[in-house]
Every structure is written in C-alpha cells, then in structure tokens.
>>> print(open('target_31.txt').read())   # compact mmCIF, C-alpha atoms and all ligand atoms
# COMPACT_ATOMS: atom_id res chain seq x y z
CA MET A 1 69.47 84.19 -14.74
CA SER A 2 66.02 84.15 -13.11
CA ARG A 3 64.97 81.10 -11.11
CA THR A 4 62.28 80.25 -13.65
CA ARG A 5 64.59 80.55 -16.65
CA ARG A 6 67.23 78.42 -14.99
CA ALA A 7 64.64 75.82 -13.97
CA ARG A 8 63.27 75.63 -17.53
CA ARG A 9 66.77 75.31 -18.93
CA ILE A 10 67.50 72.45 -16.55
CA GLN A 11 64.27 70.74 -17.64
CA ARG A 12 65.24 71.03 -21.30
CA VAL A 13 68.61 69.39 -20.62
CA LEU A 14 66.94 66.60 -18.64
CA ALA A 15 64.44 66.07 -21.48
CA GLN A 16 67.37 65.62 -23.89
CA THR A 17 69.13 63.28 -21.47
CA TYR A 18 66.09 61.09 -20.78
CA PRO A 19 63.80 61.39 -23.83
CA TYR A 20 62.57 57.89 -22.98
CA ALA A 21 61.52 58.72 -19.39
CA VAL A 22 58.16 57.16 -18.52
CA ALA A 23 56.53 55.67 -15.44
CA GLU A 24 58.76 52.73 -14.55
CA LEU A 25 55.81 50.65 -13.36
CA ASP A 26 54.27 48.44 -16.05
CA PHE A 27 50.55 48.95 -16.67
CA ASP A 28 47.90 48.70 -19.37
CA ASP A 29 45.20 50.88 -17.84
CA ALA A 30 44.33 53.15 -14.92
CA TRP A 31 43.30 50.25 -12.66
CA GLN A 32 46.61 48.43 -13.14
CA LEU A 33 48.61 51.61 -12.57
CA LEU A 34 46.66 52.39 -9.41
CA VAL A 35 47.29 48.93 -7.96
CA ALA A 36 50.96 48.91 -9.03
CA THR A 37 51.55 52.33 -7.46
CA VAL A 38 49.96 51.28 -4.17
CA LEU A 39 52.07 48.11 -4.18
CA SER A 40 55.27 50.10 -4.87
CA ALA A 41 55.34 51.66 -1.38
CA GLN A 42 58.59 50.69 0.35
CA THR A 43 59.79 48.51 -2.50
CA THR A 44 61.18 48.93 -6.00
CA ASP A 45 59.30 49.29 -9.26
CA ILE A 46 61.29 46.34 -10.60
CA ARG A 47 59.90 44.07 -7.89
CA VAL A 48 56.39 45.30 -8.48
CA ASN A 49 56.76 44.68 -12.23
CA ALA A 50 57.74 41.10 -11.45
CA VAL A 51 54.54 40.54 -9.46
CA THR A 52 51.82 42.42 -11.34
CA PRO A 53 51.60 40.28 -14.52
CA GLY A 54 50.62 37.24 -12.42
CA LEU A 55 48.33 39.29 -10.22
CA PHE A 56 46.44 40.84 -13.16
CA ALA A 57 46.26 37.52 -15.00
CA ALA A 58 44.62 35.93 -11.95
CA TYR A 59 42.39 38.94 -11.15
CA PRO A 60 41.91 41.06 -14.27
CA GLY A 61 39.86 43.82 -12.68
CA PRO A 62 38.69 45.30 -9.37
CA ARG A 63 35.70 42.96 -9.11
CA GLU A 64 37.83 39.82 -9.33
CA LEU A 65 40.41 41.21 -6.92
CA ALA A 66 37.79 42.30 -4.37
CA GLU A 67 36.28 38.82 -4.34
CA ALA A 68 39.55 36.86 -4.25
CA PRO A 69 40.51 34.87 -1.13
CA ALA A 70 42.79 37.06 1.01
CA GLU A 71 45.40 34.30 1.43
CA ASP A 72 45.73 33.89 -2.35
CA VAL A 73 46.30 37.61 -2.85
CA GLN A 74 48.83 37.67 0.00
CA GLU A 75 50.73 34.84 -1.63
CA MET A 76 50.91 36.70 -4.93
CA VAL A 77 52.39 39.85 -3.38
CA ARG A 78 54.52 38.12 -0.75
CA SER A 79 57.86 39.03 -2.39
CA LEU A 80 57.11 42.76 -1.96
CA GLY A 81 57.30 42.74 1.83
CA PHE A 82 54.47 43.91 4.13
CA TYR A 83 52.46 41.48 2.06
CA ARG A 84 49.52 41.13 4.44
CA SER A 85 48.90 44.86 4.61
CA LYS A 86 49.57 45.32 0.88
CA ALA A 87 47.08 42.57 0.01
CA ARG A 88 44.55 44.12 2.37
CA SER A 89 45.11 47.57 0.83
CA ILE A 90 44.59 46.53 -2.76
CA GLN A 91 41.52 44.45 -1.91
CA ALA A 92 39.99 47.35 0.03
CA LEU A 93 40.81 49.61 -2.90
CA ALA A 94 39.19 47.17 -5.32
CA ALA A 95 36.04 46.91 -3.18
CA ARG A 96 35.69 50.72 -3.03
CA VAL A 97 36.23 51.16 -6.78
CA VAL A 98 33.53 48.54 -7.40
CA ASP A 99 31.08 49.89 -4.81
CA GLU A 100 31.42 53.60 -5.47
CA TYR A 101 32.62 53.87 -9.04
CA ASP A 102 31.09 50.78 -10.64
CA GLY A 103 34.51 49.25 -11.22
CA ALA A 104 36.05 52.24 -13.07
CA VAL A 105 38.91 54.23 -11.56
CA PRO A 106 37.76 57.83 -11.02
CA GLY A 107 39.67 60.52 -12.90
CA THR A 108 39.96 63.44 -10.49
CA LEU A 109 42.38 64.17 -7.68
CA GLU A 110 39.53 64.83 -5.25
CA GLN A 111 37.96 61.41 -5.92
CA LEU A 112 41.21 59.47 -6.09
CA VAL A 113 42.45 60.63 -2.68
CA THR A 114 39.25 59.34 -1.05
CA LEU A 115 40.19 55.76 -2.04
CA PRO A 116 41.83 53.68 0.69
CA GLY A 117 45.63 53.76 0.54
CA VAL A 118 45.69 56.48 -2.13
CA GLY A 119 47.48 59.71 -1.24
CA ARG A 120 48.25 62.72 -3.36
CA LYS A 121 51.40 61.18 -4.82
CA THR A 122 49.65 58.04 -6.03
CA ALA A 123 46.73 60.09 -7.33
CA ASN A 124 49.08 62.31 -9.35
CA VAL A 125 50.86 59.29 -10.82
CA VAL A 126 47.53 57.89 -12.01
CA LEU A 127 46.22 61.22 -13.28
CA GLY A 128 49.38 62.05 -15.17
CA ASN A 129 50.05 58.64 -16.70
CA ALA A 130 46.65 57.04 -17.18
CA PHE A 131 44.34 60.04 -17.67
CA GLY A 132 46.65 62.57 -19.29
CA VAL A 133 45.84 65.13 -16.58
CA PRO A 134 49.01 67.09 -15.64
CA GLY A 135 50.34 66.03 -12.26
CA ILE A 136 53.55 66.54 -10.27
CA THR A 137 54.66 63.40 -8.43
CA VAL A 138 56.75 64.35 -5.43
CA ASP A 139 58.46 61.16 -4.33
CA THR A 140 61.73 61.01 -2.42
CA HIS A 141 63.82 61.64 -5.57
CA PHE A 142 61.72 64.53 -6.79
CA GLY A 143 61.79 66.24 -3.38
CA ARG A 144 65.55 65.86 -3.01
CA LEU A 145 66.27 67.15 -6.51
CA ALA A 146 63.86 70.07 -6.23
CA ARG A 147 65.80 71.18 -3.15
CA ARG A 148 69.24 70.58 -4.69
CA LEU A 149 68.30 72.45 -7.83
CA GLY A 150 67.04 75.39 -5.79
CA TRP A 151 63.39 75.03 -6.83
CA SER A 152 62.09 74.61 -3.29
CA THR A 153 63.33 74.84 0.27
CA GLN A 154 60.43 72.78 1.63
CA ASP A 155 60.37 69.23 2.98
CA ASP A 156 56.61 68.79 2.84
CA PRO A 157 55.78 67.16 -0.54
CA VAL A 158 52.63 69.24 -0.97
CA LYS A 159 54.63 72.47 -0.58
CA VAL A 160 57.36 71.20 -2.92
CA GLU A 161 54.65 70.42 -5.45
CA ALA A 162 53.28 73.96 -5.20
CA ASP A 163 56.76 75.54 -5.52
CA VAL A 164 57.60 73.50 -8.62
CA ALA A 165 54.15 74.01 -10.14
CA ALA A 166 54.83 77.77 -10.05
CA LEU A 167 57.99 77.34 -12.16
CA PHE A 168 56.57 75.22 -15.00
CA PRO A 169 53.45 75.21 -17.17
CA PRO A 170 51.05 72.32 -16.42
CA ALA A 171 51.79 70.73 -19.80
CA LEU A 172 55.29 69.90 -18.50
CA TRP A 173 54.35 68.59 -15.06
CA THR A 174 54.01 64.87 -15.79
CA GLU A 175 57.06 64.74 -18.07
CA LEU A 176 59.11 66.73 -15.55
CA SER A 177 58.15 64.29 -12.79
CA HIS A 178 59.55 61.38 -14.81
CA GLU A 179 62.70 63.29 -15.76
CA LEU A 180 63.51 64.31 -12.21
CA ILE A 181 62.85 60.82 -10.85
CA TYR A 182 65.04 59.32 -13.60
CA HIS A 183 67.81 61.79 -12.82
CA GLY A 184 67.58 61.00 -9.11
CA ARG A 185 67.81 57.27 -9.72
CA ARG A 186 70.63 57.38 -12.24
CA ILE A 187 72.86 60.37 -11.47
CA CYS A 188 71.78 62.61 -8.59
CA HIS A 189 71.72 59.93 -5.91
CA SER A 190 70.82 60.72 -2.35
CA ARG A 191 74.23 59.82 -0.91
CA ARG A 192 76.85 60.32 -3.62
CA PRO A 193 75.47 62.26 -6.58
CA ALA A 194 77.59 61.84 -9.70
CA CYS A 195 78.24 65.58 -10.14
CA GLY A 196 81.32 65.04 -12.32
CA VAL A 197 79.22 63.59 -15.16
CA CYS A 198 75.96 65.44 -14.54
CA PRO A 199 74.46 67.12 -17.62
CA VAL A 200 73.03 69.98 -15.54
CA ALA A 201 76.19 70.57 -13.47
CA ASP A 202 76.71 74.10 -14.79
CA LEU A 203 73.15 75.09 -13.80
CA CYS A 204 73.02 73.36 -10.40
CA PRO A 205 73.60 75.31 -7.17
CA SER A 206 74.48 72.03 -5.40
CA TYR A 207 77.25 71.03 -7.81
CA GLY A 208 80.01 69.48 -5.71
CA GLU A 209 77.75 67.60 -3.32
CA GLY A 210 79.14 64.46 -4.90
CA PRO A 211 82.44 63.63 -6.64
CA THR A 212 83.31 66.15 -9.36
CA ASP A 213 86.07 64.01 -10.85
CA PRO A 214 84.49 62.45 -13.98
CA GLU A 215 86.25 59.10 -13.49
CA ALA A 216 84.99 58.77 -9.93
CA ALA A 217 81.54 60.07 -10.86
CA ARG A 218 81.16 57.62 -13.75
CA THR A 219 81.36 54.66 -11.38
CA LEU A 220 78.25 55.98 -9.60
CA LEU A 221 75.95 55.98 -12.63
CA GLY A 222 72.90 53.73 -12.48
CA TYR A 223 70.59 51.78 -14.77
CA GLU A 224 71.10 52.28 -18.52
CA LEU A 225 73.78 54.96 -17.94
CA LYS A 226 76.06 52.52 -16.16
CA PRO A 227 79.31 51.88 -18.06
CA GLY A 228 78.88 48.65 -20.04
CA ARG A 229 75.14 49.10 -20.63
CA GLU A 230 75.46 51.16 -23.80
CA ASP A 231 73.26 48.67 -25.72
CA LEU A 232 70.41 49.21 -23.32
CA LEU A 233 70.78 52.99 -23.54
CA ALA A 234 70.85 52.77 -27.35
CA GLY A 235 67.65 50.70 -27.23
CA PHE A 236 65.88 53.33 -25.14
CA MET A 237 67.15 56.12 -27.37
CA ALA A 238 65.86 54.22 -30.41
CA GLY A 239 62.36 54.32 -28.91
CA ARG A 240 62.07 50.73 -27.69
CA THR A 241 59.68 50.29 -24.77
CA ARG A 242 60.69 48.87 -21.41
CA ARG A 243 58.70 45.72 -22.15
CA GLN A 244 60.34 45.26 -25.56
CA LEU A 245 63.82 45.67 -24.10
CA ARG A 246 63.05 43.19 -21.33
CA ALA A 247 61.74 40.71 -23.92
CA GLU A 248 65.02 41.15 -25.80
CA GLY A 249 66.89 39.96 -22.71
CA HIS A 250 67.96 43.26 -21.16
CA THR A 251 67.86 43.59 -17.40
CA LEU A 252 66.42 46.96 -16.47
CA SER A 253 67.50 46.98 -12.83
CA ALA A 254 69.89 49.48 -11.23
S1 LIG A 301 75.36 68.73 -10.18
FE1 LIG A 301 75.35 67.14 -8.61
S2 LIG A 301 73.84 67.81 -7.11
FE2 LIG A 301 73.47 68.98 -8.98
S3 LIG A 301 71.91 67.84 -10.11
FE3 LIG A 301 73.89 67.17 -10.85
S4 LIG A 301 74.38 65.36 -9.64
FE4 LIG A 301 72.76 66.48 -8.57
>>> encode(input="target_31.txt", output="structure tokens")
Amino acid sequence: MSRTRRARRIQRVLAQTYPYAVAELDFDDAWQLLVATVLSAQTTDIRVNAVTPGLFAAYPGPRELAEAPAEDVQEMVRSLGFYRSKARSIQALAARVVDEYDGAVPGTLEQLVTLPGVGRKTANVVLGNAFGVPGITVDTHFGRLARRLGWSTQDDPVKVEADVAALFPPALWTELSHELIYHGRRICHSRRPACGVCPVADLCPSYGEGPTDPEAARTLLGYELKPGREDLLAGFMAGRTRRQLRAEGHTLSA
C-alpha cells in the first residue's frame, strides 16, 4: 500500500475512534483560545481550563487584560507554574493585539507569529479552531505519532508539518491534528504505547513498541478510554460537549 493510502486509512480509523476530538482547551472566541494556548506551555490543558474562566471573567478582552495590575494577573495564573513569565506573556500579547490590531486577534499565520509568545504551533491552533483556516498543530504527541506511523522522519516540527501536509488535503489538517493528539494522549503514549488495543495496529510500522498483550495494554489506556469510564465515553459518543460532561459531574482528566 502506498504511504499516502496507508496514512489516509489510518486517519479514517482515528476519525471513527475519536469522532468527538476537539481542542481540549475551553474557549469562546479567538482571543480566549490564543490566551489559553499561550498559557498551556509546560502544563496541562486541564489546569488551564481551571484557570481561564476566572481570568476571562475578570478581564473579558485584551484591553482589560493589558491594563490589569501585573500582580493580580500573576495571582490568577499562579497554579500553572512559571506564573510571572506567563502573566507577562499574556499581558504583552494583549497590549500588542490592542495597539496593532485594535483589540481583534489577526487571522493569518504571518500576523499571528509576530505576536509576542506566539509561535507557529500556537498560531495553527488558533487558525484551525477559531478561524476555520486549515492548520497542522505539531505538538509533542503529533510529532511522535507522525514518526511512529512512518509519516515523517524529522524531529523539527516545521519539517514534520510539511511532511504530513503532503499526505493529506488541507480540509483534513485541523481534524487530523486533534485525532493524532487524542491518540497520543490516550493510547500511543510516549513511554508505553498500548499497542495491544490500538485500532490502527495493523497499519502501524511501530506496532510492538508497547505491550501487545491486550490485557496489559488495556491498563495503559487514558482519559475516556480507561476501563471504568464507559459512561464518559458514551457521553462523548452521544455528542455531548466537554463543558456539558463536566457540568454533569464527569472528570475529564487522564
Ligand atoms: S500500534 Fe502501537 S506504536 Fe503504533 S500507533 Fe498504535 S499504539 Fe502507537
């Protein structure tokens, strides 16, 4: 089978496995997603989701955040670690969005990467999820899986992005980014991938990197695929949003 055909087949299986895959950061608009993505460096989306409702209630837009006292912003993001530099980053970002873009997040890659603290990965997250512009988000999970699945041999995220972009039409880029990141968080872990229960095992050149015994592999599953969390999985499959499921009392953590 050609590399492209195999890659597309893998994507179709992942789409069936995770039809509910979305950005795991909570947001209502491009500004909120931009801030949440910058805050998510070196921490988990779950932690960021715990902080952002209070942050956006106190400072609803870039103007309010830019003008807020630095100590107050630091206090609000303290639980994320590196809180001084994170507070500084989002306030600098807010000031630039106000000064150069009149308070509206710009909608092109070229403009987004000129904002302080915004690299290509963050820009692609915002483009793909808030502007509907196809974008491939190469985070640590995406890079690892692209290599394991034989889609790229590169370590540099920009080169991985180019290799994967050549295998899929742009219309699939954003969705594929979510699916690969979901798969990396739930099944194809960095240390012990759960190969024995992996839905793309028969298409994966790295099958066997983790336990192939289904019993052993099952114990490695994460999030809603974890044994005992069938209700949560059923909720996702039924089309409930992350916020709805949380409001119903489900814990969405690993
Ligand atoms: S077979 Fe193993 S290495 Fe390949 S994608 Fe599945 S979990 Fe990852």
>>> residues_around(input="target_31.txt", residues="Thr4 of chain A", least_positions_apart="4", cutoff="8 Å", atoms="all atoms listed in the file", output="short mmCIF file (atom, residue, chain, number, x, y, z; two decimals) with C-alpha atoms, keeping the file's coordinate frame")
data_model
loop_
_atom_site.label_atom_id
_atom_site.label_comp_id
_atom_site.auth_asym_id
_atom_site.auth_seq_id
_atom_site.Cartn_x
_atom_site.Cartn_y
_atom_site.Cartn_z
CA ARG A 8 63.27 75.63 -17.53
CA LEU A 167 57.99 77.34 -12.16
CA PHE A 168 56.57 75.22 -15.00
#
>>> atom_distance(input="target_31.txt", atom1="atom CA of Glu64 of chain A", atom2="atom CA of Gly119 of chain A")
23.5 Å
>>> residues_near_ligand(input="target_31.txt", ligand="ligand LIG 301 (chain A)", cutoff="7 Å", atoms="only C-alpha atoms and all ligand atoms", output="list in words")
Leu145, Arg148, Leu149, Ile187, Cys188, Pro193, Ala194, Cys195, Cys198, Pro199, Val200, Ala201, Cys204, Pro205, Ser206, Tyr207, Gly208, Glu209 and Gly210 of chain A
>>> residues_near_point(input="target_31.txt", point="(49.9, 43.5, -16.9)", cutoff="8 Å", atoms="all atoms listed in the file", output="ChimeraX atom specification")
/A:26-28,32,52-54,56-57
>>> atom_distance(input="target_31.txt", atom1="atom CA of Arg218 of chain A", atom2="atom CA of Tyr182 of chain A")
16.2 Å
>>> residues_around(input="target_31.txt", residues="Gly107 of chain A", least_positions_apart="4", cutoff="8 Å", atoms="only C-alpha atoms", output="PyMOL selection string")
chain A and resi 111-112+127+131
>>> residues_around(input="target_31.txt", residues="Thr37 of chain A", least_positions_apart="3", cutoff="8 Å", atoms="all atoms listed in the file", output="list of chain:residue names")
A:Leu25, A:Leu33, A:Leu34, A:Ser40, A:Ala41, A:Thr122, A:Val125
>>> closest_residue(input="target_31.txt", among="A:Ala217, A:Val98, A:Val158, A:Leu245", to="Asn124 of chain A", atoms="only C-alpha atoms")
A:Val158
>>> closest_residue(input="target_31.txt", among="A:Ile90, A:Ala30, A:Leu176, A:Leu39", to="Tyr59 of chain A", atoms="all atoms listed in the file")
A:Ile90
>>> closest_residue(input="target_31.txt", among="A:Ile181, A:Ala234, A:Val97, A:Leu252", to="Ala21 of chain A", atoms="only C-alpha atoms")
A:Ile181
